[in-house]
Amino acid sequence: MSQSVLDTNVLVLNRFYMAIRVVNVRRTFTLLYRDCAEVIDNENDQYVSYDFDSWCELSQLTSIEKQPGEEYIQAVNFELRVPRIVRLIRFDKMPMQTVRFNRKNLFARDEHKCQYCGKSEPAHKLSLDHVVPRSHGGPTTWENIVCCCLRCNSRKGGRTPKQARMKLLSAPIKPRVNPVLVQSMNDPRYACWKTFLPAAG
Ligand SMILES: [Zn+2]
């Protein structure tokens, strides 16, 4: 596994059990440690909440006999189980509605795949391409920006796909659901999120 467990995802719910964002494990433990959040754990199809101290205690018990899908990080003298869902207890943040227009979400929407040649690349080997270049009046919107490998990007230059004779794999659209969430759903460790997410359809 190349990705550190500390960089994997945790779903954050607001007080009303509505999904508000995704953060990494590092950030999650800060929230728990400061008593800003509690862990929501699925146990025999029931959701049980734990504050940080009781989660540490539980971790020590469950680490003796780890279950598939559970991940742990090494704390000072015991193993701390990685939660997959936490709930904010102090703030009434609003649920996710519009998907933020940013690099991370654009890459996730296009599944880190160049929309011209179809090659999958890690984020640092990808760039974002204005389909209709800005010099031709192309806007910076979901519908006009795609994920593009560096090679295709330099090949296309400041031209339209037609001028460059390059075809898009699919027409870019504005996602209705946070694409980082959608991508995470393919990973079994985030299956427990499903209950808290709005239906993708
Ligand atoms: Zn490409």
# chains A, B, ... in the order shown; residues from 1 in each chain; ligands from 1

$ residues_near_ligand --ligand "ligand 1" --cutoff "10 Å" --atoms "only C-alpha atoms and all ligand atoms" --output "list in words"
Lys113, Cys114, Gln115, Tyr116, Cys117, Gly118, Lys119, Ser120, Glu121, Leu126, Ser127, Cys147, Cys148, Cys149, Leu150, Arg151, Cys152, Asn153, Ser154, Arg155, Lys156 and Met166 of chain A

$ residues_around --residues "region 179-186 of chain A" --least-positions-apart "6" --cutoff "9 Å" --atoms "only C-alpha atoms" --output "tab-separated table (two decimals) with N, CA and C atoms, in the first residue's frame"
chain	number	residue	atom	x	y	z
A	9	ASN	N	-9.27	8.31	3.84
A	9	ASN	CA	-10.43	9.20	4.03
A	9	ASN	C	-11.34	8.82	5.19
A	11	LEU	N	-15.29	10.09	6.59
A	11	LEU	CA	-16.49	10.90	6.31
A	11	LEU	C	-16.87	11.68	7.56
A	21	ARG	N	-18.39	16.57	4.75
A	21	ARG	CA	-17.15	16.57	3.99
A	21	ARG	C	-16.34	15.31	4.25
A	22	VAL	N	-15.23	15.24	3.51
A	22	VAL	CA	-14.31	14.13	3.67
A	22	VAL	C	-12.97	14.71	4.14
A	99	VAL	N	-21.12	20.94	-5.30
A	99	VAL	CA	-19.80	20.36	-5.33
A	99	VAL	C	-18.80	21.47	-5.61
A	104	LYS	N	-8.96	19.15	-7.07
A	104	LYS	CA	-9.15	17.81	-6.51
A	104	LYS	C	-10.44	17.17	-7.04
A	105	ASN	N	-11.52	17.97	-7.05
A	105	ASN	CA	-12.80	17.43	-7.51
A	105	ASN	C	-12.83	17.23	-9.02
A	106	LEU	N	-12.12	18.08	-9.76
A	106	LEU	CA	-12.04	17.89	-11.22
A	106	LEU	C	-11.29	16.59	-11.54
A	107	PHE	N	-10.18	16.37	-10.86
A	107	PHE	CA	-9.42	15.13	-11.07
A	107	PHE	C	-10.27	13.91	-10.69
A	108	ALA	N	-10.99	14.03	-9.58
A	108	ALA	CA	-11.83	12.90	-9.13
A	108	ALA	C	-12.97	12.64	-10.11
A	109	ARG	N	-13.58	13.72	-10.62
A	109	ARG	CA	-14.66	13.54	-11.60
A	109	ARG	C	-14.16	12.75	-12.81
A	110	ASP	N	-12.96	13.09	-13.27
A	110	ASP	CA	-12.40	12.42	-14.45
A	110	ASP	C	-11.59	11.18	-14.08
A	111	GLU	N	-11.69	10.77	-12.83
A	111	GLU	CA	-11.02	9.55	-12.33
A	111	GLU	C	-9.52	9.55	-12.64
A	193	TRP	N	-20.01	4.28	4.62
A	193	TRP	CA	-20.47	5.66	4.43
A	193	TRP	C	-21.87	5.72	3.81
A	194	LYS	N	-22.18	4.68	3.08
A	194	LYS	CA	-23.36	4.68	2.20
A	194	LYS	C	-24.63	5.22	2.87
A	197	LEU	N	-25.00	9.06	2.87
A	197	LEU	CA	-24.85	9.87	1.66
A	197	LEU	C	-26.16	9.98	0.92
A	200	ALA	N	-26.97	8.73	-5.14
A	200	ALA	CA	-26.20	9.29	-6.25
A	200	ALA	C	-27.07	9.56	-7.47

$ closest_residue --among "A:Tyr190, A:Phe101, A:Tyr72, A:Phe196" --to "Asn178 (chain A)" --atoms "only C-alpha atoms"
A:Phe101

$ select_by_dssp --residues "region 109-186 of chain A" --states "alpha helix (DSSP H)" --output "ChimeraX atom specification"
/A:109,150-156,161-164,179-184

$ write_last_selection --atoms "N, CA and C atoms" --output "compact mmCIF listing (two decimals), in the first residue's frame"
# COMPACT_ATOMS: atom_id res chain seq x y z
N ARG A 109 -13.58 13.72 -10.62
CA ARG A 109 -14.66 13.54 -11.60
C ARG A 109 -14.16 12.75 -12.81
N LEU A 150 0.17 15.46 -19.32
CA LEU A 150 1.07 16.54 -19.74
C LEU A 150 1.36 16.46 -21.24
N ARG A 151 1.46 15.24 -21.74
CA ARG A 151 1.77 15.04 -23.15
C ARG A 151 0.65 15.59 -24.05
N CYS A 152 -0.59 15.19 -23.74
CA CYS A 152 -1.72 15.68 -24.54
C CYS A 152 -1.88 17.19 -24.39
N ASN A 153 -1.58 17.68 -23.18
CA ASN A 153 -1.72 19.12 -22.94
C ASN A 153 -0.79 19.92 -23.84
N SER A 154 0.46 19.46 -23.95
CA SER A 154 1.38 20.24 -24.79
C SER A 154 1.07 20.02 -26.27
N ARG A 155 0.55 18.82 -26.59
CA ARG A 155 0.18 18.56 -27.99
C ARG A 155 -0.98 19.47 -28.43
N LYS A 156 -1.94 19.62 -27.52
CA LYS A 156 -3.12 20.41 -27.87
C LYS A 156 -2.80 21.90 -27.93
N PRO A 161 -10.20 21.33 -29.49
CA PRO A 161 -10.01 19.91 -29.84
C PRO A 161 -10.10 19.68 -31.35
N LYS A 162 -11.01 20.41 -32.01
CA LYS A 162 -11.18 20.24 -33.44
C LYS A 162 -9.93 20.67 -34.20
N GLN A 163 -9.42 21.84 -33.84
CA GLN A 163 -8.20 22.33 -34.48
C GLN A 163 -7.02 21.38 -34.25
N ALA A 164 -6.97 20.82 -33.04
CA ALA A 164 -5.85 19.93 -32.71
C ALA A 164 -6.11 18.49 -33.16
N PRO A 179 -17.45 14.18 -6.32
CA PRO A 179 -16.77 13.08 -7.01
C PRO A 179 -15.76 12.33 -6.15
N VAL A 180 -15.23 13.01 -5.12
CA VAL A 180 -14.30 12.31 -4.22
C VAL A 180 -15.06 11.21 -3.46
N LEU A 181 -16.30 11.50 -3.11
CA LEU A 181 -17.14 10.50 -2.45
C LEU A 181 -17.43 9.34 -3.40
N VAL A 182 -17.80 9.70 -4.63
CA VAL A 182 -18.15 8.66 -5.60
C VAL A 182 -16.96 7.72 -5.81
N GLN A 183 -15.77 8.32 -5.93
CA GLN A 183 -14.57 7.52 -6.14
C GLN A 183 -14.28 6.63 -4.93
N SER A 184 -14.51 7.18 -3.74
CA SER A 184 -14.25 6.40 -2.52
C SER A 184 -15.16 5.19 -2.41

$ select_by_dssp --residues "region 82-189 of chain A" --states "strand (DSSP E or B)" --output "PyMOL selection string"
chain A and resi 85-88+113+120+126-130+145-149

$ write_last_selection --atoms "C-alpha atoms" --output "compact mmCIF listing (two decimals), in the first residue's frame"
# COMPACT_ATOMS: atom_id res chain seq x y z
CA ILE A 85 -17.02 8.03 10.08
CA VAL A 86 -17.01 10.82 12.64
CA ARG A 87 -19.71 13.24 13.71
CA LEU A 88 -19.09 16.84 14.68
CA LYS A 113 -7.74 9.87 -16.46
CA SER A 120 -4.54 7.19 -15.86
CA LEU A 126 -1.87 15.59 -14.73
CA SER A 127 -2.94 19.06 -15.64
CA LEU A 128 -6.24 20.74 -16.33
CA ASP A 129 -7.12 21.71 -19.85
CA HIS A 130 -9.55 24.37 -21.03
CA ILE A 145 -12.24 21.97 -18.03
CA VAL A 146 -10.97 18.42 -18.22
CA CYS A 147 -8.21 16.35 -16.73
CA CYS A 148 -5.37 16.01 -19.21
CA CYS A 149 -1.95 14.31 -19.25

$ closest_residue --among "A:Asp51, A:Arg84, A:Gln67, A:Lys174" --to "Asn102 (chain A)" --atoms "only C-alpha atoms"
A:Lys174

$ closest_residue --among "A:Arg90, A:Arg27, A:Arg81, A:His112" --to "Ser54 (chain A)" --atoms "only C-alpha atoms"
A:Arg81

$ residues_around --residues "Gly158 (chain A)" --least-positions-apart "6" --cutoff "9 Å" --atoms "only C-alpha atoms" --output "number ranges by chain"
A: 130, 132-136, 164

$ residues_around --residues "Asp41 (chain A)" --least-positions-apart "4" --cutoff "10 Å" --atoms "only C-alpha atoms" --output "list in words"
Asp45, Gln46, Tyr47, Val48, Ser49, Tyr50, Trp55, Pro83, Arg84, Ile85, Val86 and Cys192 of chain A
